[in-house]
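File shown here: data.txt, holding compact mmCIF, C-alpha atoms and all ligand atoms.
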```
# COMPACT_ATOMS: atom_id res chain seq x y z
CA MET A 18 11.97 -17.24 17.77
CA THR A 19 9.44 -14.39 17.52
CA THR A 20 5.75 -15.24 17.48
CA ILE A 21 3.90 -12.96 15.09
CA ALA A 22 0.14 -12.68 14.64
CA PHE A 23 -0.61 -11.72 11.05
CA ILE A 24 -4.14 -10.45 10.43
CA GLY A 25 -5.22 -9.95 6.81
CA LEU A 26 -3.72 -12.53 4.43
CA GLY A 27 -4.76 -11.05 1.08
CA HIS A 28 -2.67 -10.13 -1.97
CA MET A 29 -0.05 -8.38 0.18
CA GLY A 30 -0.44 -10.01 3.59
CA ASN A 31 -0.03 -13.59 2.41
CA PRO A 32 3.41 -13.16 0.78
CA MET A 33 4.58 -10.84 3.57
CA ALA A 34 3.63 -13.42 6.20
CA ALA A 35 5.22 -16.17 4.10
CA ASN A 36 8.53 -14.28 4.19
CA LEU A 37 8.33 -14.08 7.99
CA VAL A 38 7.88 -17.87 8.06
CA LYS A 39 10.89 -18.34 5.74
CA HIS A 40 13.01 -16.37 8.22
CA GLY A 41 12.17 -18.81 11.02
CA ASN A 42 9.42 -16.96 12.87
CA ARG A 43 6.27 -18.62 14.15
CA VAL A 44 3.45 -16.90 12.27
CA LEU A 45 -0.12 -17.30 13.52
CA GLY A 46 -2.37 -16.08 10.73
CA TYR A 47 -5.99 -15.15 10.37
CA ASP A 48 -8.19 -13.81 7.56
CA LEU A 49 -11.97 -13.55 7.36
CA PHE A 50 -11.92 -15.05 3.85
CA PRO A 51 -11.60 -18.89 3.80
CA ALA A 52 -9.72 -18.97 0.47
CA ALA A 53 -7.13 -16.54 1.87
CA ARG A 54 -6.69 -18.80 4.92
CA ASP A 55 -6.20 -21.86 2.69
CA ALA A 56 -3.63 -20.09 0.50
CA ALA A 57 -1.75 -18.91 3.59
CA ALA A 58 -1.77 -22.40 5.13
CA SER A 59 -0.09 -23.79 2.04
CA ALA A 60 2.58 -21.08 2.39
CA GLY A 61 3.44 -22.41 5.87
CA ILE A 62 1.45 -19.95 7.97
CA ASP A 63 -0.12 -21.47 11.05
CA ILE A 64 -3.81 -20.64 10.58
CA VAL A 65 -5.78 -20.20 13.80
CA SER A 66 -9.52 -20.08 14.25
CA SER A 67 -9.81 -16.39 15.15
CA ALA A 68 -7.78 -13.20 15.20
CA HIS A 69 -7.94 -13.34 19.00
CA ASP A 70 -6.29 -16.75 19.06
CA ALA A 71 -3.49 -15.36 16.89
CA VAL A 72 -2.93 -12.24 18.98
CA ARG A 73 -3.17 -13.80 22.43
CA HIS A 74 0.14 -15.66 22.04
CA ALA A 75 2.03 -13.13 19.93
CA ASP A 76 4.97 -10.81 20.61
CA VAL A 77 4.14 -8.76 17.52
CA VAL A 78 0.85 -8.19 15.66
CA VAL A 79 0.96 -7.18 11.99
CA THR A 80 -2.26 -6.01 10.32
CA MET A 81 -2.58 -5.79 6.51
CA LEU A 82 -6.22 -4.85 6.01
CA PRO A 83 -8.13 -3.00 3.29
CA THR A 84 -8.97 0.32 5.01
CA GLY A 85 -8.67 2.35 8.21
CA ARG A 86 -12.16 1.34 9.22
CA HIS A 87 -11.09 -2.31 9.19
CA VAL A 88 -7.99 -1.51 11.26
CA LEU A 89 -9.85 0.51 13.90
CA GLU A 90 -12.68 -2.04 14.15
CA THR A 91 -10.19 -4.88 14.48
CA TYR A 92 -8.19 -3.04 17.13
CA GLN A 93 -11.26 -2.04 19.16
CA GLY A 94 -13.66 -4.86 18.37
CA LYS A 95 -17.06 -4.36 16.83
CA ASN A 96 -19.28 -7.11 18.15
CA THR A 97 -16.45 -8.92 19.91
CA THR A 98 -13.43 -8.07 22.07
CA GLY A 99 -10.88 -6.09 20.12
CA LEU A 100 -7.35 -7.27 19.44
CA LEU A 101 -5.97 -4.63 21.80
CA ASP A 102 -7.80 -6.24 24.71
CA ALA A 103 -6.86 -9.77 23.63
CA ALA A 104 -3.11 -9.08 23.40
CA ALA A 105 -0.65 -9.28 26.30
CA PRO A 106 0.45 -5.84 27.58
CA GLY A 107 3.43 -4.42 25.71
CA THR A 108 2.68 -6.24 22.43
CA LEU A 109 4.10 -4.43 19.39
CA PHE A 110 1.30 -3.58 16.93
CA ILE A 111 2.47 -2.83 13.37
CA ASP A 112 -0.19 -1.70 10.93
CA SER A 113 1.02 -1.98 7.32
CA SER A 114 -2.35 -1.23 5.68
CA THR A 115 -2.62 2.03 3.74
CA ILE A 116 -4.97 4.20 5.82
CA ALA A 117 -5.55 7.90 6.52
CA VAL A 118 -3.04 9.74 8.68
CA ASP A 119 -5.69 10.66 11.26
CA GLU A 120 -6.91 7.04 11.37
CA ALA A 121 -3.32 5.88 11.94
CA ARG A 122 -2.96 8.36 14.79
CA ALA A 123 -6.26 7.15 16.27
CA ALA A 124 -5.10 3.52 16.04
CA HIS A 125 -1.82 4.45 17.70
CA ALA A 126 -3.61 6.30 20.54
CA LEU A 127 -5.89 3.31 21.15
CA ALA A 128 -2.97 0.89 21.18
CA THR A 129 -0.77 2.91 23.49
CA SER A 130 -3.59 3.67 25.92
CA ALA A 131 -4.23 -0.09 26.09
CA GLY A 132 -0.58 -0.52 27.18
CA HIS A 133 0.86 -1.63 23.83
CA ARG A 134 3.54 -0.35 21.46
CA SER A 135 2.42 0.84 18.05
CA LEU A 136 3.75 1.71 14.60
CA ASP A 137 2.20 2.65 11.29
CA ALA A 138 4.30 1.01 8.57
CA PRO A 139 2.64 1.25 5.16
CA VAL A 140 4.49 -0.17 2.18
CA SER A 141 5.20 0.43 -1.45
CA GLY A 142 6.41 -2.14 -3.94
CA GLY A 143 3.16 -4.00 -4.62
CA VAL A 144 2.56 -7.74 -4.70
CA VAL A 145 5.87 -8.40 -6.48
CA GLY A 146 7.75 -6.53 -3.75
CA ALA A 147 5.80 -8.46 -1.09
CA GLU A 148 6.67 -11.79 -2.75
CA ASN A 149 10.34 -10.93 -3.23
CA GLY A 150 10.78 -9.34 0.22
CA THR A 151 11.76 -6.05 -1.40
CA LEU A 152 9.04 -3.75 -0.07
CA ALA A 153 9.77 -0.21 1.08
CA PHE A 154 8.40 0.49 4.58
CA MET A 155 7.56 4.03 5.70
CA VAL A 156 7.34 3.96 9.47
CA GLY A 157 5.75 6.25 12.04
CA GLY A 158 6.07 5.85 15.80
CA ALA A 159 8.47 6.07 18.73
CA THR A 160 12.15 5.34 18.04
CA PRO A 161 12.48 2.33 20.42
CA ASP A 162 9.42 0.71 18.81
CA TYR A 163 10.83 1.41 15.36
CA GLU A 164 14.16 -0.15 16.36
CA ALA A 165 12.38 -3.21 17.73
CA ALA A 166 10.49 -3.63 14.45
CA VAL A 167 13.39 -3.15 12.01
CA PRO A 168 14.69 -6.77 12.10
CA LEU A 169 11.20 -8.06 11.18
CA LEU A 170 10.54 -5.37 8.58
CA GLU A 171 13.89 -6.23 6.96
CA GLN A 172 12.61 -9.79 6.47
CA MET A 173 9.77 -8.40 4.33
CA GLY A 174 11.41 -5.36 2.77
CA ARG A 175 14.59 -3.81 1.50
CA ARG A 176 14.25 -0.16 2.41
CA ILE A 177 12.98 0.85 5.85
CA VAL A 178 12.61 4.57 6.66
CA HIS A 179 11.65 6.03 10.03
CA CYS A 180 9.55 9.06 9.00
CA GLY A 181 8.87 10.38 12.52
CA ALA A 182 6.08 10.16 15.08
CA ALA A 183 2.85 8.15 14.82
CA GLY A 184 1.02 8.71 11.52
CA LEU A 185 4.03 10.04 9.64
CA GLY A 186 4.63 6.74 7.83
CA GLN A 187 1.15 7.15 6.32
CA ALA A 188 1.92 10.82 5.65
CA ALA A 189 4.99 9.82 3.61
CA LYS A 190 2.99 7.21 1.72
CA VAL A 191 0.17 9.59 0.81
CA CYS A 192 2.58 12.35 -0.29
CA ASN A 193 4.68 9.96 -2.39
CA ASN A 194 1.66 8.50 -4.14
CA MET A 195 0.29 11.96 -4.86
CA ILE A 196 3.59 12.80 -6.61
CA LEU A 197 3.35 9.52 -8.50
CA ALA A 198 -0.23 10.10 -9.69
CA ILE A 199 0.48 13.64 -10.84
CA SER A 200 3.64 12.61 -12.66
CA GLN A 201 1.96 9.62 -14.34
CA ILE A 202 -0.77 11.93 -15.63
CA ALA A 203 1.80 14.53 -16.74
CA VAL A 204 3.81 11.92 -18.69
CA SER A 205 0.61 10.58 -20.26
CA GLU A 206 -0.57 14.04 -21.30
CA ALA A 207 2.85 14.74 -22.83
CA PHE A 208 2.76 11.54 -24.93
CA VAL A 209 -0.77 12.33 -26.15
CA LEU A 210 0.21 15.92 -27.00
CA GLY A 211 3.34 14.60 -28.75
CA GLU A 212 1.18 12.24 -30.81
CA ARG A 213 -0.99 15.17 -31.88
CA LEU A 214 2.13 17.11 -32.88
CA GLY A 215 3.53 14.19 -34.90
CA LEU A 216 6.30 13.34 -32.41
CA SER A 217 7.12 9.62 -32.12
CA HIS A 218 6.98 7.90 -28.73
CA GLU A 219 10.63 6.89 -29.12
CA ALA A 220 11.82 10.43 -29.83
CA LEU A 221 9.93 11.91 -26.88
CA PHE A 222 11.21 9.14 -24.63
CA ASP A 223 14.82 9.58 -25.79
CA VAL A 224 14.68 13.29 -25.07
CA ALA A 225 12.66 13.39 -21.84
CA SER A 226 14.33 10.38 -20.20
CA HIS A 227 17.66 12.25 -20.37
CA ALA A 228 16.27 15.72 -19.77
CA THR A 229 14.39 17.55 -17.05
CA GLY A 230 11.16 15.60 -17.67
CA GLN A 231 12.84 12.44 -16.38
CA CYS A 232 10.84 10.60 -13.66
CA TRP A 233 9.82 7.05 -12.60
CA ALA A 234 6.46 7.38 -14.39
CA LEU A 235 8.42 7.81 -17.62
CA THR A 236 11.56 5.72 -17.25
CA THR A 237 10.04 2.68 -15.43
CA ASN A 238 6.27 2.88 -15.84
CA CYS A 239 6.28 4.34 -19.36
CA PRO A 240 2.59 4.53 -20.41
CA VAL A 241 3.17 3.70 -24.09
CA PRO A 242 4.43 0.34 -25.37
CA GLY A 243 7.96 0.20 -26.72
CA PRO A 244 10.48 2.44 -24.96
CA VAL A 245 10.53 0.50 -21.65
CA PRO A 246 9.93 -3.19 -22.50
CA ASP A 247 8.90 -4.19 -18.95
CA SER A 248 6.35 -1.44 -18.42
CA PRO A 249 2.66 -2.46 -18.07
CA ALA A 250 1.84 -0.77 -21.41
CA ASN A 251 3.61 -3.71 -23.11
CA ARG A 252 1.27 -6.26 -21.50
CA ASP A 253 -2.06 -4.58 -22.12
CA TYR A 254 -1.77 -2.54 -18.89
CA ARG A 255 -1.89 -5.56 -16.57
CA PRO A 256 -0.81 -4.22 -13.13
CA GLY A 257 1.62 -3.23 -11.67
CA PHE A 258 -0.33 -0.95 -9.43
CA ALA A 259 -4.05 -1.06 -10.17
CA GLY A 260 -6.12 2.04 -10.89
CA THR A 261 -8.42 1.24 -8.00
CA LEU A 262 -5.51 1.31 -5.50
CA MET A 263 -4.28 4.63 -6.88
CA ALA A 264 -7.80 6.08 -6.62
CA LYS A 265 -7.99 4.86 -3.01
CA ASP A 266 -4.66 6.50 -2.12
CA LEU A 267 -5.69 9.76 -3.79
CA GLY A 268 -8.86 9.72 -1.69
CA LEU A 269 -6.60 9.56 1.38
CA ALA A 270 -4.53 12.43 -0.05
CA ALA A 271 -7.68 14.51 -0.62
CA HIS A 272 -8.75 13.81 2.97
CA ALA A 273 -5.33 14.94 4.24
CA ILE A 274 -5.47 18.07 2.05
CA GLU A 275 -8.87 18.94 3.49
CA LEU A 276 -7.75 18.34 7.08
CA THR A 277 -4.58 20.40 6.79
CA GLY A 278 -5.66 23.17 4.42
CA ALA A 279 -2.61 22.54 2.22
CA ARG A 280 -3.01 24.02 -1.26
CA ALA A 281 -2.73 21.09 -3.66
CA PRO A 282 -4.91 21.64 -6.75
CA LEU A 283 -2.98 19.10 -8.82
CA GLY A 284 -3.38 16.47 -6.11
CA LEU A 285 -7.14 17.06 -6.05
CA MET A 286 -7.36 17.04 -9.83
CA SER A 287 -5.38 13.81 -10.05
CA ARG A 288 -7.97 12.26 -7.75
CA GLU A 289 -10.79 13.32 -10.10
CA ILE A 290 -8.88 11.90 -13.06
CA TYR A 291 -8.22 8.55 -11.36
CA ASP A 292 -11.82 8.30 -10.12
CA ALA A 293 -12.95 8.76 -13.73
CA PHE A 294 -10.36 6.18 -14.87
CA VAL A 295 -11.77 3.62 -12.40
CA GLU A 296 -15.35 4.36 -13.47
CA THR A 297 -14.51 3.88 -17.15
CA GLY A 298 -12.90 0.45 -16.90
CA GLY A 299 -9.49 1.20 -15.39
CA ALA A 300 -10.11 -0.32 -11.93
CA SER A 301 -8.03 -3.43 -12.48
CA GLN A 302 -5.66 -1.99 -15.11
CA ASP A 303 -2.29 -0.56 -14.21
CA PHE A 304 -2.66 3.12 -13.37
CA SER A 305 -0.47 4.05 -16.37
CA GLY A 306 -3.48 3.02 -18.51
CA VAL A 307 -4.83 6.48 -17.70
CA ILE A 308 -3.13 7.52 -20.97
CA ASN A 309 -5.87 5.72 -22.93
CA MET A 310 -8.58 7.70 -21.15
CA ILE A 311 -6.68 10.94 -21.76
CA ARG A 312 -6.27 10.05 -25.45
CA SER A 313 -9.95 9.11 -25.82
CA GLN A 314 -11.05 12.37 -24.18
CA SER A 315 -8.94 14.48 -26.54
CA THR A 316 -10.90 16.23 -29.29
CA PRO A 317 -10.95 14.17 -32.50
P1 LIG B 401 -6.66 -7.58 -0.07
O1 LIG B 401 -8.08 -7.14 -0.17
O2 LIG B 401 -6.11 -8.53 -1.06
O3 LIG B 401 -6.39 -8.19 1.39
C1 LIG B 401 -6.99 -7.73 2.57
C2 LIG B 401 -7.43 -8.96 3.36
O4 LIG B 401 -7.93 -8.55 4.63
C3 LIG B 401 -8.55 -9.75 2.68
O5 LIG B 401 -8.11 -11.08 2.45
C4 LIG B 401 -9.70 -9.70 3.68
O6 LIG B 401 -10.47 -10.90 3.73
C5 LIG B 401 -8.95 -9.46 4.98
N1 LIG B 401 -9.75 -8.89 6.06
C6 LIG B 401 -10.61 -7.84 6.00
N2 LIG B 401 -11.11 -7.59 7.24
C7 LIG B 401 -10.56 -8.52 8.07
C8 LIG B 401 -10.66 -8.78 9.47
N3 LIG B 401 -11.46 -8.05 10.25
N4 LIG B 401 -9.96 -9.81 9.99
C9 LIG B 401 -9.16 -10.57 9.20
N5 LIG B 401 -9.02 -10.36 7.86
C10 LIG B 401 -9.70 -9.35 7.32
O7 LIG B 401 -5.80 -6.22 -0.06
P2 LIG B 401 -4.22 -6.08 -0.35
O8 LIG B 401 -4.00 -5.82 -1.78
O9 LIG B 401 -3.50 -7.18 0.34
O10 LIG B 401 -3.94 -4.69 0.41
C11 LIG B 401 -3.89 -4.60 1.83
C12 LIG B 401 -3.50 -3.17 2.19
O11 LIG B 401 -2.23 -2.86 1.58
C13 LIG B 401 -4.47 -2.11 1.69
O12 LIG B 401 -4.59 -1.11 2.66
C14 LIG B 401 -3.82 -1.60 0.42
O13 LIG B 401 -4.19 -0.26 0.12
C15 LIG B 401 -2.36 -1.69 0.78
N6 LIG B 401 -1.43 -1.83 -0.35
C16 LIG B 401 -1.72 -2.68 -1.38
C17 LIG B 401 -0.81 -2.79 -2.44
C18 LIG B 401 -1.09 -3.73 -3.60
O14 LIG B 401 -0.36 -3.64 -4.62
N7 LIG B 401 -2.05 -4.64 -3.50
C19 LIG B 401 0.37 -2.05 -2.45
C20 LIG B 401 0.66 -1.22 -1.35
C21 LIG B 401 -0.27 -1.12 -0.32
```
Would it be possible to restate this file's structure as structure tokens?
Ligand code: NAD
Amino acid sequence: MTTIAFIGLGHMGNPMAANLVKHGNRVLGYDLFPAARDAAASAGIDIVSSAHDAVRHADVVVTMLPTGRHVLETYQGKNTTGLLDAAAPGTLFIDSSTIAVDEARAAHALATSAGHRSLDAPVSGGVVGAENGTLAFMVGGATPDYEAAVPLLEQMGRRIVHCGAAGLGQAAKVCNNMILAISQIAVSEAFVLGERLGLSHEALFDVASHATGQCWALTTNCPVPGPVPDSPANRDYRPGFAGTLMAKDLGLAAHAIELTGARAPLGLMSREIYDAFVETGGASQDFSGVINMIRSQSTP
């Protein structure tokens, strides 16, 4: 039986940890937020009184925290001893939070210089994927550490990809979500233009979903109600993947673009568009709701 410390039991962490419990692991959980601890306890997670208590007895530490700052502070300690000092040497640290590539590399360097093993393993698939154990994991780190983690990651996810060295899991995540944002905006602009031209949603969908405009943002996350009955547009844009999370990920993409000098004007513009979407009421809507902002900004 593997003992796993799970730090950060929010929307994603709680169901991920619950799946590890269902597969027979001992999961010692901790979250700063009392309601998150209570919810996790009722899902069978063994709640301990501090992150240190969780980590001290663990073979593996999984973190699922809001940002890179949280991960680095938790690893190093802010006003207390960090988790890296509390863990036994050789502990496998897996960070599944979505954080910047350079932050992931910094976390990895801290962990390995403290004598631990380390992976970045961000996910896609959202809360539903976390609940159903169908997440996709994008993993960065050394091959033996990746191989050691795969059996646990398979208990929380369906598709596990080793993307390369430390930080490259986050690199894959940021690049994928930049494609997603740009394509969701492109599909939304096309529907709004089609409306202006008198083209029905159904006709555009029937053509583009079988033609070269075909993409996930159209065929699964269709931003207009009707053509794809399960898409968030049919339930008043309830997420799905919330606008605020897309804006966060595009901020990480913009940071990576700046650090590397890659030319990515559409990536930067998609960030501006999603920041505006969040500021105008889209924060907790599905990110496909951006179509309504695009429509409302079109000239009357
Ligand atoms: P969340 O805010 O629901 O959960 C984060 C939890 O971490 C909170 O409960 C918070 O109290 C806890 N926390 C913060 N600092 C802590 C600390 N020092 N010690 C212990 N607990 C601490 O966020 P979430 O939706 O679960 O997302 C977690 C990460 O996963 C984020 O990086 C997010 O970008 C990423 N992600 C989220 C989704 C999604 O659909 N929600 C999808 C993919 C990736």
With a distance cut-off of 12 Å and only C-alpha atoms, select the neighbouring residues of A:Gly230, excluding the residue or stretch itself and same-chain residues fewer than 5 positions from it, and output the selection as a CSV table (one decimal) with C-alpha atoms, in the frame of the given file.
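What landed in selection.csv:
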```
chain,number,residue,atom,x,y,z
A,200,SER,CA,3.6,12.6,-12.7
A,201,GLN,CA,2.0,9.6,-14.3
A,203,ALA,CA,1.8,14.5,-16.7
A,204,VAL,CA,3.8,11.9,-18.7
A,205,SER,CA,0.6,10.6,-20.3
A,207,ALA,CA,2.8,14.7,-22.8
A,208,PHE,CA,2.8,11.5,-24.9
A,221,LEU,CA,9.9,11.9,-26.9
A,222,PHE,CA,11.2,9.1,-24.6
A,223,ASP,CA,14.8,9.6,-25.8
A,224,VAL,CA,14.7,13.3,-25.1
A,225,ALA,CA,12.7,13.4,-21.8
A,235,LEU,CA,8.4,7.8,-17.6
A,236,THR,CA,11.6,5.7,-17.2
```
Could you give me, as a list in words, the residues within 6 Å of stretch 24-39 of chain A, counting all atoms listed in the file and dropping anything in the same chain fewer than 6 positions from it? Gly46, Tyr47, Asp48, Ala53, Ala57, Ala60, Thr80, Met81, Leu82, Val144, Ala147, Glu148 and Met173 of chain A
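Between atom CA of A:Leu127 and atom CA of A:Gln93 lies a distance of 7.8 Å.
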Using all atoms listed in the file, pick whichever of A:Ser141, A:Ser305, A:Thr19, A:Gln314 has the shortest atom-to-atom distance to ligand LIG 401 (chain B). A:Ser141
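Among A:Ala281, A:Ser113, A:Gly61, A:His69, the residue with the shortest atom-to-atom distance to A:Gly99, counting all atoms listed in the file, is A:His69.
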Return the single residue from A:Ala22, A:Ala128, A:Ala183, A:Val88 that is closest to A:Ser67, with distances computed using only C-alpha atoms. A:Ala22
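Remark: for ligand LIG 401 (chain B), the closest of the candidate residues A:Glu164, A:Glu212, A:Glu206, A:Glu90 is A:Glu90 (distances computed over all atoms listed in the file).
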Could you rebuild stretch 157-173 of chain A with N, CA and C atoms and give me the result as a short mmCIF file (atom, residue, chain, number, x, y, z; two decimals), in the coordinates of the input?
```cif
data_model
loop_
_atom_site.label_atom_id
_atom_site.label_comp_id
_atom_site.auth_asym_id
_atom_site.auth_seq_id
_atom_site.Cartn_x
_atom_site.Cartn_y
_atom_site.Cartn_z
N GLY A 157 6.02 5.20 11.06
CA GLY A 157 5.75 6.25 12.04
C GLY A 157 5.61 5.65 13.42
N GLY A 158 6.19 6.33 14.43
CA GLY A 158 6.07 5.85 15.80
C GLY A 158 7.34 6.15 16.58
N ALA A 159 7.33 5.76 17.85
CA ALA A 159 8.47 6.07 18.73
C ALA A 159 9.72 5.30 18.29
N THR A 160 10.88 5.94 18.50
CA THR A 160 12.15 5.34 18.04
C THR A 160 12.40 3.94 18.62
N PRO A 161 12.21 3.69 19.92
CA PRO A 161 12.48 2.33 20.42
C PRO A 161 11.58 1.29 19.77
N ASP A 162 10.34 1.66 19.46
CA ASP A 162 9.42 0.71 18.81
C ASP A 162 9.86 0.47 17.37
N TYR A 163 10.30 1.55 16.73
CA TYR A 163 10.83 1.41 15.36
C TYR A 163 12.04 0.46 15.38
N GLU A 164 12.94 0.69 16.32
CA GLU A 164 14.16 -0.15 16.36
C GLU A 164 13.82 -1.61 16.63
N ALA A 165 12.79 -1.82 17.45
CA ALA A 165 12.38 -3.21 17.73
C ALA A 165 11.80 -3.86 16.47
N ALA A 166 11.17 -3.06 15.63
CA ALA A 166 10.49 -3.63 14.45
C ALA A 166 11.43 -3.86 13.28
N VAL A 167 12.53 -3.10 13.21
CA VAL A 167 13.39 -3.15 12.01
C VAL A 167 13.81 -4.57 11.61
N PRO A 168 14.27 -5.43 12.54
CA PRO A 168 14.69 -6.77 12.10
C PRO A 168 13.56 -7.53 11.39
N LEU A 169 12.31 -7.37 11.85
CA LEU A 169 11.20 -8.06 11.18
C LEU A 169 10.86 -7.40 9.84
N LEU A 170 10.87 -6.07 9.83
CA LEU A 170 10.54 -5.37 8.58
C LEU A 170 11.58 -5.71 7.51
N GLU A 171 12.83 -5.89 7.93
CA GLU A 171 13.89 -6.23 6.96
C GLU A 171 13.68 -7.63 6.36
N GLN A 172 12.90 -8.46 7.04
CA GLN A 172 12.61 -9.79 6.47
C GLN A 172 11.53 -9.70 5.38
N MET A 173 10.84 -8.58 5.33
CA MET A 173 9.77 -8.40 4.33
C MET A 173 10.11 -7.30 3.33
#
```
